[in-house]
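Enquirer: Sharing query_23.pdb, PDB, C-alpha atoms:
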ATOM      1  CA  MET A  22     -42.841 107.996 180.953
ATOM      2  CA  ILE A  23     -41.632 107.559 184.565
ATOM      3  CA  ILE A  24     -44.880 108.985 185.959
ATOM      4  CA  LYS A  25     -46.989 106.849 183.618
ATOM      5  CA  TYR A  26     -45.284 103.621 184.668
ATOM      6  CA  LYS A  27     -44.557 104.563 188.293
ATOM      7  CA  SER A  28     -46.377 101.440 189.496
ATOM      8  CA  PHE A  29     -43.438  99.284 188.400
ATOM      9  CA  PRO A  30     -40.698 100.863 190.554
ATOM     10  CA  LEU A  31     -43.134 101.531 193.412
ATOM     11  CA  HIS A  32     -44.718  98.085 193.649
ATOM     12  CA  GLN A  33     -43.394  95.465 191.241
ATOM     13  CA  MET A  34     -39.673  95.904 191.878
ATOM     14  CA  PRO A  35     -40.014  95.639 195.690
ATOM     15  CA  ALA A  36     -42.312  92.620 195.221
ATOM     16  CA  TYR A  37     -39.694  90.812 193.119
ATOM     17  CA  PHE A  38     -37.017  91.641 195.682
ATOM     18  CA  ILE A  39     -39.162  90.242 198.523
ATOM     19  CA  ASN A  40     -39.942  87.140 196.446
ATOM     20  CA  THR A  41     -36.226  86.482 195.981
ATOM     21  CA  PHE A  42     -35.659  87.002 199.701
ATOM     22  CA  ASN A  43     -38.387  84.608 200.861
ATOM     23  CA  ALA A  44     -37.173  81.920 198.424
ATOM     24  CA  GLU A  45     -33.941  81.809 200.462
ATOM     25  CA  LEU A  46     -35.615  81.767 203.886
ATOM     26  CA  PRO A  47     -36.037  77.953 204.143
ATOM     27  CA  SER A  48     -32.313  77.396 203.504
ATOM     28  CA  PHE A  49     -31.323  80.032 206.060
ATOM     29  CA  PHE A  50     -33.527  78.621 208.825
ATOM     30  CA  ILE A  51     -32.706  74.972 208.064
ATOM     31  CA  LYS A  52     -28.979  75.655 208.293
ATOM     32  CA  HIS A  53     -29.464  77.631 211.511
ATOM     33  CA  TYR A  54     -31.749  75.067 213.193
ATOM     34  CA  PHE A  55     -30.539  71.713 211.839
ATOM     35  CA  GLY A  56     -27.002  72.181 210.483
ATOM     36  CA  GLU A  57     -25.243  71.925 207.142
ATOM     37  CA  ALA A  58     -25.707  68.162 206.705
ATOM     38  CA  ILE A  59     -29.505  68.474 206.821
ATOM     39  CA  LEU A  60     -29.314  71.538 204.567
ATOM     40  CA  GLY A  61     -27.403  69.452 202.004
ATOM     41  CA  ASN A  62     -30.135  66.819 202.092
ATOM     42  CA  TYR A  63     -32.751  69.536 201.714
ATOM     43  CA  PHE A  64     -30.998  70.928 198.620
ATOM     44  CA  MET A  65     -30.791  67.466 197.097
ATOM     45  CA  ALA A  66     -34.459  66.729 197.819
ATOM     46  CA  SER A  67     -35.588  70.102 196.436
ATOM     47  CA  LYS A  68     -33.648  69.735 193.190
ATOM     48  CA  ILE A  69     -34.997  66.240 192.545
ATOM     49  CA  VAL A  70     -38.688  67.148 192.840
ATOM     50  CA  ASN A  71     -38.572  70.775 191.688
ATOM     51  CA  LYS A  72     -36.571  70.507 188.465
ATOM     52  CA  PRO A  73     -38.947  68.407 186.311
ATOM     53  CA  LEU A  74     -42.040  70.492 187.083
ATOM     54  CA  SER A  75     -40.239  73.847 187.131
ATOM     55  CA  LEU A  76     -38.980  73.221 183.582
ATOM     56  CA  ILE A  77     -42.582  72.801 182.413
ATOM     57  CA  SER A  78     -43.990  75.589 184.569
ATOM     58  CA  GLU A  79     -41.341  78.186 183.705
ATOM     59  CA  SER A  80     -41.442  77.402 179.981
ATOM     60  CA  LEU A  81     -45.210  77.970 179.976
ATOM     61  CA  ASN A  82     -45.132  81.129 182.085
ATOM     62  CA  GLY A  83     -44.304  83.490 179.236
ATOM     63  CA  LEU A  84     -46.909  81.887 176.967
ATOM     64  CA  ILE A  85     -49.582  82.130 179.670
ATOM     65  CA  TYR A  86     -48.766  85.784 180.345
ATOM     66  CA  LYS A  87     -48.902  86.610 176.637
ATOM     67  CA  ASP A  88     -52.207  84.800 176.169
ATOM     68  CA  LEU A  89     -53.761  86.453 179.231
ATOM     69  CA  SER A  90     -52.627  89.915 178.143
ATOM     70  CA  GLU A  91     -54.454  89.382 174.838
ATOM     71  CA  THR A  92     -57.606  87.992 176.496
ATOM     72  CA  ASN A  93     -60.812  89.939 176.938
ATOM     73  CA  LYS A  94     -61.152  91.081 180.554
ATOM     74  CA  ALA A  95     -64.507  89.334 180.926
ATOM     75  CA  LYS A  96     -62.913  85.971 180.080
ATOM     76  CA  LEU A  97     -59.652  86.506 181.953
ATOM     77  CA  ASN A  98     -60.602  84.809 185.239
ATOM     78  CA  LYS A  99     -62.023  81.734 183.538
ATOM     79  CA  LYS A 100     -58.976  81.294 181.301
ATOM     80  CA  MET A 101     -56.538  81.786 184.192
ATOM     81  CA  ASN A 102     -58.390  79.275 186.376
ATOM     82  CA  THR A 103     -58.382  76.779 183.497
ATOM     83  CA  TYR A 104     -54.613  77.095 183.072
ATOM     84  CA  VAL A 105     -54.022  76.668 186.791
ATOM     85  CA  GLY A 106     -56.393  73.703 186.977
ATOM     86  CA  LEU A 107     -54.634  71.889 184.119
ATOM     87  CA  LEU A 108     -51.188  72.556 185.560
ATOM     88  CA  PHE A 109     -52.366  71.372 188.963
ATOM     89  CA  LEU A 110     -53.582  68.078 187.470
ATOM     90  CA  VAL A 111     -50.269  67.539 185.649
ATOM     91  CA  SER A 112     -48.321  68.357 188.835
ATOM     92  CA  LEU A 113     -50.533  66.089 190.919
ATOM     93  CA  LEU A 114     -50.018  63.215 188.463
ATOM     94  CA  PHE A 115     -46.248  63.697 188.717
ATOM     95  CA  ALA A 116     -46.484  63.700 192.522
ATOM     96  CA  ILE A 117     -48.528  60.488 192.598
ATOM     97  CA  VAL A 118     -46.065  58.724 190.305
ATOM     98  CA  TYR A 119     -43.142  59.963 192.395
ATOM     99  CA  LEU A 120     -44.700  58.910 195.703
ATOM    100  CA  ILE A 121     -45.346  55.408 194.322
ATOM    101  CA  PHE A 122     -42.207  54.795 192.251
ATOM    102  CA  GLY A 123     -39.858  57.495 193.548
ATOM    103  CA  GLU A 124     -37.619  55.205 195.557
ATOM    104  CA  TYR A 125     -36.938  53.068 192.481
ATOM    105  CA  PHE A 126     -36.067  56.078 190.270
ATOM    106  CA  PHE A 127     -34.080  57.679 193.083
ATOM    107  CA  SER A 128     -31.964  54.572 193.536
ATOM    108  CA  LEU A 129     -31.112  54.534 189.808
ATOM    109  CA  PHE A 130     -29.118  57.748 190.197
ATOM    110  CA  PHE A 131     -28.178  57.908 193.884
ATOM    111  CA  ASP A 132     -27.163  55.610 196.706
ATOM    112  CA  ILE A 133     -30.488  55.344 198.530
ATOM    113  CA  ASN A 134     -28.750  54.295 201.747
ATOM    114  CA  LYS A 135     -26.502  57.363 201.722
ATOM    115  CA  TRP A 136     -29.265  59.778 200.687
ATOM    116  CA  ARG A 137     -32.221  58.185 202.502
ATOM    117  CA  LYS A 138     -32.926  61.400 204.425
ATOM    118  CA  ALA A 139     -32.981  63.432 201.225
ATOM    119  CA  PHE A 140     -35.444  60.997 199.661
ATOM    120  CA  ASP A 141     -37.701  61.080 202.734
ATOM    121  CA  MET A 142     -37.645  64.884 202.687
ATOM    122  CA  SER A 143     -38.442  64.932 198.962
ATOM    123  CA  LYS A 144     -41.711  63.106 199.643
ATOM    124  CA  ILE A 145     -42.817  66.116 201.699
ATOM    125  CA  ILE A 146     -41.269  68.841 199.549
ATOM    126  CA  ILE A 147     -43.112  67.526 196.515
ATOM    127  CA  PHE A 148     -46.339  68.995 197.923
ATOM    128  CA  THR A 149     -44.834  72.493 197.806
ATOM    129  CA  THR A 150     -43.798  71.768 194.225
ATOM    130  CA  VAL A 151     -47.313  70.739 193.202
ATOM    131  CA  ILE A 152     -48.789  73.885 194.740
ATOM    132  CA  SER A 153     -46.226  76.418 193.534
ATOM    133  CA  SER A 154     -45.759  75.055 189.987
ATOM    134  CA  SER A 155     -49.469  75.481 189.278
ATOM    135  CA  PHE A 156     -50.883  78.207 191.557
ATOM    136  CA  SER A 157     -47.890  80.538 191.147
ATOM    137  CA  HIS A 158     -49.188  81.403 187.667
ATOM    138  CA  TYR A 159     -51.891  83.502 189.305
ATOM    139  CA  SER A 160     -49.133  86.101 189.688
ATOM    140  CA  SER A 161     -49.207  86.520 185.894
ATOM    141  CA  GLY A 162     -52.946  87.112 186.076
ATOM    142  CA  VAL A 163     -52.586  89.702 188.840
ATOM    143  CA  LEU A 164     -49.945  91.558 186.840
ATOM    144  CA  VAL A 165     -52.003  91.404 183.631
ATOM    145  CA  LYS A 166     -54.801  93.070 185.602
ATOM    146  CA  ARG A 167     -52.192  95.700 186.627
ATOM    147  CA  LYS A 168     -52.842  95.056 190.304
ATOM    148  CA  ASN A 169     -49.216  95.739 191.215
ATOM    149  CA  LYS A 170     -50.055  97.116 194.649
ATOM    150  CA  ILE A 171     -52.052  93.981 195.498
ATOM    151  CA  PHE A 172     -49.101  91.882 194.311
ATOM    152  CA  LEU A 173     -46.746  93.747 196.648
ATOM    153  CA  VAL A 174     -49.125  93.479 199.629
ATOM    154  CA  TRP A 175     -49.452  89.730 198.975
ATOM    155  CA  GLU A 176     -45.668  89.312 198.950
ATOM    156  CA  VAL A 177     -45.269  91.259 202.192
ATOM    157  CA  ILE A 178     -48.040  89.396 204.051
ATOM    158  CA  THR A 179     -46.956  85.908 202.995
ATOM    159  CA  THR A 180     -43.274  86.608 203.655
ATOM    160  CA  LEU A 181     -44.113  87.739 207.187
ATOM    161  CA  VAL A 182     -46.226  84.610 207.719
ATOM    162  CA  LEU A 183     -43.335  82.484 206.411
ATOM    163  CA  PHE A 184     -40.836  84.191 208.695
ATOM    164  CA  VAL A 185     -43.034  83.866 211.798
ATOM    165  CA  SER A 186     -43.885  80.221 211.005
ATOM    166  CA  PHE A 187     -40.220  79.318 210.620
ATOM    167  CA  PHE A 188     -39.349  81.129 213.829
ATOM    168  CA  LEU A 189     -42.034  79.180 215.711
ATOM    169  CA  GLY A 190     -40.791  75.924 214.174
ATOM    170  CA  LYS A 191     -37.302  76.154 215.684
ATOM    171  CA  SER A 192     -37.957  73.365 218.210
ATOM    172  CA  SER A 193     -39.444  70.959 215.666
ATOM    173  CA  THR A 194     -37.938  68.092 213.690
ATOM    174  CA  ILE A 195     -36.826  68.747 210.109
ATOM    175  CA  ASP A 196     -39.810  66.811 208.744
ATOM    176  CA  PHE A 197     -42.291  68.863 210.758
ATOM    177  CA  PHE A 198     -40.436  72.032 209.756
ATOM    178  CA  ILE A 199     -40.912  71.150 206.081
ATOM    179  CA  TRP A 200     -44.607  70.420 206.707
ATOM    180  CA  ILE A 201     -44.851  73.935 208.164
ATOM    181  CA  TYR A 202     -43.370  75.186 204.902
ATOM    182  CA  VAL A 203     -45.960  73.206 202.922
ATOM    183  CA  GLY A 204     -48.732  74.824 204.970
ATOM    184  CA  VAL A 205     -47.385  78.334 204.402
ATOM    185  CA  ILE A 206     -46.977  77.726 200.657
ATOM    186  CA  LEU A 207     -50.580  76.497 200.508
ATOM    187  CA  PHE A 208     -51.755  79.626 202.355
ATOM    188  CA  ARG A 209     -49.573  81.833 200.123
ATOM    189  CA  TYR A 210     -51.018  80.627 196.842
ATOM    190  CA  LEU A 211     -54.611  80.210 197.997
ATOM    191  CA  LEU A 212     -54.448  83.858 199.052
ATOM    192  CA  LEU A 213     -53.019  84.786 195.648
ATOM    193  CA  SER A 214     -55.802  82.915 193.828
ATOM    194  CA  LEU A 215     -58.385  84.665 196.011
ATOM    195  CA  LEU A 216     -56.858  88.099 195.301
ATOM    196  CA  PHE A 217     -56.816  87.364 191.582
ATOM    197  CA  ASN A 218     -60.416  86.180 191.387
ATOM    198  CA  LYS A 219     -61.767  88.977 193.605
ATOM    199  CA  SER A 220     -59.809  91.851 192.061
TER     200      SER A 220
END
Output the file's structure in the form of structure tokens.
Expert:
Amino acid sequence: MIIKYKSFPLHQMPAYFINTFNAELPSFFIKHYFGEAILGNYFMASKIVNKPLSLISESLNGLIYKDLSETNKAKLNKKMNTYVGLLFLVSLLFAIVYLIFGEYFFSLFFDINKWRKAFDMSKIIIFTTVISSSFSHYSSGVLVKRKNKIFLVWEVITTLVLFVSFFLGKSSTIDFFIWIYVGVILFRYLLLSLLFNKS
């Protein structure tokens, strides 16, 4: 049994560990470069834009994985790309609404004058949310194809890129630092989609 499923402890477990590690990297670098006050604003901004879409994305993840695992291999890529495309459109619609009306909704729950920086940061962070809430589902497709080694290599490469990018961004403003993060997230998931479709 252990030999048959050796790919899980060899590749998938380390990949999940690295994924958890790189999810904490932005907070670590923001606190180190910009201080706890900016980190607090970053947490607030992230929660506001991530929660609505993550609830939808995470609730669908299990259903997507189940459907893909029961799909004929010849139709797998097309179905996965369709799911991602639909989720991207939903996420993009949310982002457009937030960018237009976000200040109004924000001010209903928070003092916009006190949390102005958090709101301004949320208008950048929302782009990472749009990308990750839709394109991250390619990970399900890669795992359905049993490409665990590819999944691990992807995690290692993109985590290194994230680490180096954050290190190079130490002299930037917080807004530019977050834009760096957006760029790395875009690279991360475009690479994942490429690996899925080419594997």
Enquirer: Of the residues A:Lys219, A:Phe184, A:Leu207, A:Thr194, which is the one nearest to Ile39 (chain A), using all atoms listed in the file?
Expert: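 Checking each candidate against Ile39 (chain A), we get A:Phe184 as the closest.
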Enquirer: Name the residues captured by the PyMOL selection byres ((chain A and resi 195) around 12) when it is applied to the shown file; answer as an MDAnalysis selection string.
Expert: chainID A and resid 47:48 50:56 58:60 62:63 138:139 141:143 145:146 187 190:194 196:202
Enquirer: Looking at A:Leu211, A:Val111, A:Val182, A:Ala44, which one is nearest to Ser154 (chain A), with distances taken over all atoms listed in the file?
Expert: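 Smallest distance to Ser154 (chain A) is found for A:Val111.
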Enquirer: Could you tell me which residues the PyMOL selection byres ((chain A and resi 171) around 10) returns for this structure, as an MDAnalysis selection string?
Expert: chainID A and resid 32:33 36 163:164 167:170 172:177 213 216:217 220
Enquirer: Go ahead and save the picked residues with C-alpha atoms, as a short mmCIF file (atom, residue, chain, number, x, y, z; two decimals), in the coordinates of the input.
Expert:
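Result file is out21.cif:
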data_model
loop_
_atom_site.label_atom_id
_atom_site.label_comp_id
_atom_site.auth_asym_id
_atom_site.auth_seq_id
_atom_site.Cartn_x
_atom_site.Cartn_y
_atom_site.Cartn_z
CA HIS A 32 -44.72 98.08 193.65
CA GLN A 33 -43.39 95.46 191.24
CA ALA A 36 -42.31 92.62 195.22
CA VAL A 163 -52.59 89.70 188.84
CA LEU A 164 -49.94 91.56 186.84
CA ARG A 167 -52.19 95.70 186.63
CA LYS A 168 -52.84 95.06 190.30
CA ASN A 169 -49.22 95.74 191.22
CA LYS A 170 -50.06 97.12 194.65
CA PHE A 172 -49.10 91.88 194.31
CA LEU A 173 -46.75 93.75 196.65
CA VAL A 174 -49.12 93.48 199.63
CA TRP A 175 -49.45 89.73 198.98
CA GLU A 176 -45.67 89.31 198.95
CA VAL A 177 -45.27 91.26 202.19
CA LEU A 213 -53.02 84.79 195.65
CA LEU A 216 -56.86 88.10 195.30
CA PHE A 217 -56.82 87.36 191.58
CA SER A 220 -59.81 91.85 192.06
#
Enquirer: List the residues selected by the PyMOL selection byres ((chain A and resi 76-83) around 10) in the file shown, writing them as a short mmCIF file (atom, residue, chain, number, x, y, z; two decimals) with C-alpha atoms, in the coordinates of the input.
Expert:
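After the write, out_19.cif holds the following:
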data_model
loop_
_atom_site.label_atom_id
_atom_site.label_comp_id
_atom_site.auth_asym_id
_atom_site.auth_seq_id
_atom_site.Cartn_x
_atom_site.Cartn_y
_atom_site.Cartn_z
CA ASN A 71 -38.57 70.78 191.69
CA LYS A 72 -36.57 70.51 188.46
CA PRO A 73 -38.95 68.41 186.31
CA LEU A 74 -42.04 70.49 187.08
CA SER A 75 -40.24 73.85 187.13
CA LEU A 84 -46.91 81.89 176.97
CA ILE A 85 -49.58 82.13 179.67
CA TYR A 86 -48.77 85.78 180.34
CA LYS A 87 -48.90 86.61 176.64
CA ASP A 88 -52.21 84.80 176.17
CA LEU A 89 -53.76 86.45 179.23
CA TYR A 104 -54.61 77.10 183.07
CA LEU A 108 -51.19 72.56 185.56
CA VAL A 111 -50.27 67.54 185.65
CA SER A 112 -48.32 68.36 188.84
CA SER A 153 -46.23 76.42 193.53
CA SER A 154 -45.76 75.06 189.99
CA SER A 155 -49.47 75.48 189.28
CA SER A 157 -47.89 80.54 191.15
CA HIS A 158 -49.19 81.40 187.67
CA SER A 160 -49.13 86.10 189.69
CA SER A 161 -49.21 86.52 185.89
#
Enquirer: Can you measure CA of Lys144 (chain A) to CA of Leu181 (chain A) for me? One decimal in Å is fine.
Expert: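 Computing it gives 25.9 Å between the two atoms.
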Enquirer: Starting from the sparse input, extend region 158-181 of chain A to N, CA, C and O atoms and give the output as a PDB file, in the coordinates of the input.
Expert:
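Okay, this is what ended up in out19.pdb:
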ATOM      1  N   HIS A 158     -48.852  80.707 188.915  1.00  0.00           N
ATOM      2  CA  HIS A 158     -49.188  81.403 187.667  1.00  0.00           C
ATOM      3  C   HIS A 158     -50.272  82.464 187.869  1.00  0.00           C
ATOM      4  O   HIS A 158     -50.468  83.314 187.002  1.00  0.00           O
ATOM      5  N   TYR A 159     -50.939  82.427 189.014  1.00  0.00           N
ATOM      6  CA  TYR A 159     -51.891  83.502 189.305  1.00  0.00           C
ATOM      7  C   TYR A 159     -51.179  84.862 189.382  1.00  0.00           C
ATOM      8  O   TYR A 159     -51.816  85.900 189.190  1.00  0.00           O
ATOM      9  N   SER A 160     -49.886  84.844 189.665  1.00  0.00           N
ATOM     10  CA  SER A 160     -49.133  86.101 189.688  1.00  0.00           C
ATOM     11  C   SER A 160     -49.157  86.776 188.325  1.00  0.00           C
ATOM     12  O   SER A 160     -49.242  88.005 188.229  1.00  0.00           O
ATOM     13  N   SER A 161     -49.103  85.961 187.252  1.00  0.00           N
ATOM     14  CA  SER A 161     -49.207  86.520 185.894  1.00  0.00           C
ATOM     15  C   SER A 161     -50.556  87.192 185.707  1.00  0.00           C
ATOM     16  O   SER A 161     -50.645  88.276 185.123  1.00  0.00           O
ATOM     17  N   GLY A 162     -51.602  86.548 186.200  1.00  0.00           N
ATOM     18  CA  GLY A 162     -52.946  87.112 186.076  1.00  0.00           C
ATOM     19  C   GLY A 162     -53.096  88.423 186.835  1.00  0.00           C
ATOM     20  O   GLY A 162     -53.699  89.373 186.336  1.00  0.00           O
ATOM     21  N   VAL A 163     -52.520  88.476 188.041  1.00  0.00           N
ATOM     22  CA  VAL A 163     -52.586  89.702 188.840  1.00  0.00           C
ATOM     23  C   VAL A 163     -51.863  90.841 188.134  1.00  0.00           C
ATOM     24  O   VAL A 163     -52.348  91.975 188.094  1.00  0.00           O
ATOM     25  N   LEU A 164     -50.724  90.529 187.530  1.00  0.00           N
ATOM     26  CA  LEU A 164     -49.945  91.558 186.840  1.00  0.00           C
ATOM     27  C   LEU A 164     -50.611  91.988 185.532  1.00  0.00           C
ATOM     28  O   LEU A 164     -50.541  93.161 185.156  1.00  0.00           O
ATOM     29  N   VAL A 165     -51.254  91.050 184.843  1.00  0.00           N
ATOM     30  CA  VAL A 165     -52.003  91.404 183.631  1.00  0.00           C
ATOM     31  C   VAL A 165     -53.133  92.374 183.978  1.00  0.00           C
ATOM     32  O   VAL A 165     -53.430  93.311 183.227  1.00  0.00           O
ATOM     33  N   LYS A 166     -53.746  92.155 185.133  1.00  0.00           N
ATOM     34  CA  LYS A 166     -54.801  93.070 185.602  1.00  0.00           C
ATOM     35  C   LYS A 166     -54.233  94.392 186.127  1.00  0.00           C
ATOM     36  O   LYS A 166     -54.987  95.269 186.541  1.00  0.00           O
ATOM     37  N   ARG A 167     -52.902  94.499 186.144  1.00  0.00           N
ATOM     38  CA  ARG A 167     -52.192  95.700 186.627  1.00  0.00           C
ATOM     39  C   ARG A 167     -52.486  95.989 188.108  1.00  0.00           C
ATOM     40  O   ARG A 167     -52.602  97.145 188.518  1.00  0.00           O
ATOM     41  N   LYS A 168     -52.619  94.917 188.862  1.00  0.00           N
ATOM     42  CA  LYS A 168     -52.842  95.056 190.304  1.00  0.00           C
ATOM     43  C   LYS A 168     -51.499  94.932 191.034  1.00  0.00           C
ATOM     44  O   LYS A 168     -51.298  94.072 191.896  1.00  0.00           O
ATOM     45  N   ASN A 169     -50.575  95.822 190.674  1.00  0.00           N
ATOM     46  CA  ASN A 169     -49.216  95.739 191.215  1.00  0.00           C
ATOM     47  C   ASN A 169     -49.172  95.973 192.725  1.00  0.00           C
ATOM     48  O   ASN A 169     -48.362  95.372 193.432  1.00  0.00           O
ATOM     49  N   LYS A 170     -50.028  96.848 193.214  1.00  0.00           N
ATOM     50  CA  LYS A 170     -50.055  97.116 194.649  1.00  0.00           C
ATOM     51  C   LYS A 170     -50.532  95.888 195.416  1.00  0.00           C
ATOM     52  O   LYS A 170     -49.984  95.551 196.470  1.00  0.00           O
ATOM     53  N   ILE A 171     -51.554  95.209 194.884  1.00  0.00           N
ATOM     54  CA  ILE A 171     -52.052  93.981 195.498  1.00  0.00           C
ATOM     55  C   ILE A 171     -50.951  92.923 195.513  1.00  0.00           C
ATOM     56  O   ILE A 171     -50.770  92.201 196.501  1.00  0.00           O
ATOM     57  N   PHE A 172     -50.196  92.847 194.419  1.00  0.00           N
ATOM     58  CA  PHE A 172     -49.101  91.882 194.311  1.00  0.00           C
ATOM     59  C   PHE A 172     -48.054  92.131 195.389  1.00  0.00           C
ATOM     60  O   PHE A 172     -47.574  91.197 196.035  1.00  0.00           O
ATOM     61  N   LEU A 173     -47.726  93.391 195.624  1.00  0.00           N
ATOM     62  CA  LEU A 173     -46.746  93.747 196.648  1.00  0.00           C
ATOM     63  C   LEU A 173     -47.273  93.420 198.043  1.00  0.00           C
ATOM     64  O   LEU A 173     -46.551  92.836 198.867  1.00  0.00           O
ATOM     65  N   VAL A 174     -48.526  93.765 198.322  1.00  0.00           N
ATOM     66  CA  VAL A 174     -49.125  93.479 199.629  1.00  0.00           C
ATOM     67  C   VAL A 174     -49.129  91.976 199.889  1.00  0.00           C
ATOM     68  O   VAL A 174     -48.821  91.512 200.999  1.00  0.00           O
ATOM     69  N   TRP A 175     -49.456  91.197 198.865  1.00  0.00           N
ATOM     70  CA  TRP A 175     -49.452  89.730 198.975  1.00  0.00           C
ATOM     71  C   TRP A 175     -48.064  89.218 199.332  1.00  0.00           C
ATOM     72  O   TRP A 175     -47.910  88.368 200.216  1.00  0.00           O
ATOM     73  N   GLU A 176     -47.039  89.730 198.664  1.00  0.00           N
ATOM     74  CA  GLU A 176     -45.668  89.312 198.950  1.00  0.00           C
ATOM     75  C   GLU A 176     -45.274  89.643 200.387  1.00  0.00           C
ATOM     76  O   GLU A 176     -44.665  88.826 201.084  1.00  0.00           O
ATOM     77  N   VAL A 177     -45.626  90.829 200.836  1.00  0.00           N
ATOM     78  CA  VAL A 177     -45.269  91.259 202.192  1.00  0.00           C
ATOM     79  C   VAL A 177     -45.958  90.379 203.235  1.00  0.00           C
ATOM     80  O   VAL A 177     -45.320  89.863 204.166  1.00  0.00           O
ATOM     81  N   ILE A 178     -47.272  90.185 203.076  1.00  0.00           N
ATOM     82  CA  ILE A 178     -48.040  89.396 204.051  1.00  0.00           C
ATOM     83  C   ILE A 178     -47.519  87.969 204.134  1.00  0.00           C
ATOM     84  O   ILE A 178     -47.259  87.444 205.227  1.00  0.00           O
ATOM     85  N   THR A 179     -47.348  87.324 202.992  1.00  0.00           N
ATOM     86  CA  THR A 179     -46.956  85.908 202.995  1.00  0.00           C
ATOM     87  C   THR A 179     -45.507  85.711 203.438  1.00  0.00           C
ATOM     88  O   THR A 179     -45.175  84.691 204.032  1.00  0.00           O
ATOM     89  N   THR A 180     -44.655  86.697 203.173  1.00  0.00           N
ATOM     90  CA  THR A 180     -43.274  86.608 203.655  1.00  0.00           C
ATOM     91  C   THR A 180     -43.229  86.728 205.175  1.00  0.00           C
ATOM     92  O   THR A 180     -42.470  86.006 205.840  1.00  0.00           O
ATOM     93  N   LEU A 181     -44.035  87.615 205.731  1.00  0.00           N
ATOM     94  CA  LEU A 181     -44.113  87.739 207.187  1.00  0.00           C
ATOM     95  C   LEU A 181     -44.644  86.462 207.830  1.00  0.00           C
ATOM     96  O   LEU A 181     -44.134  86.009 208.861  1.00  0.00           O
TER      97      LEU A 181
END
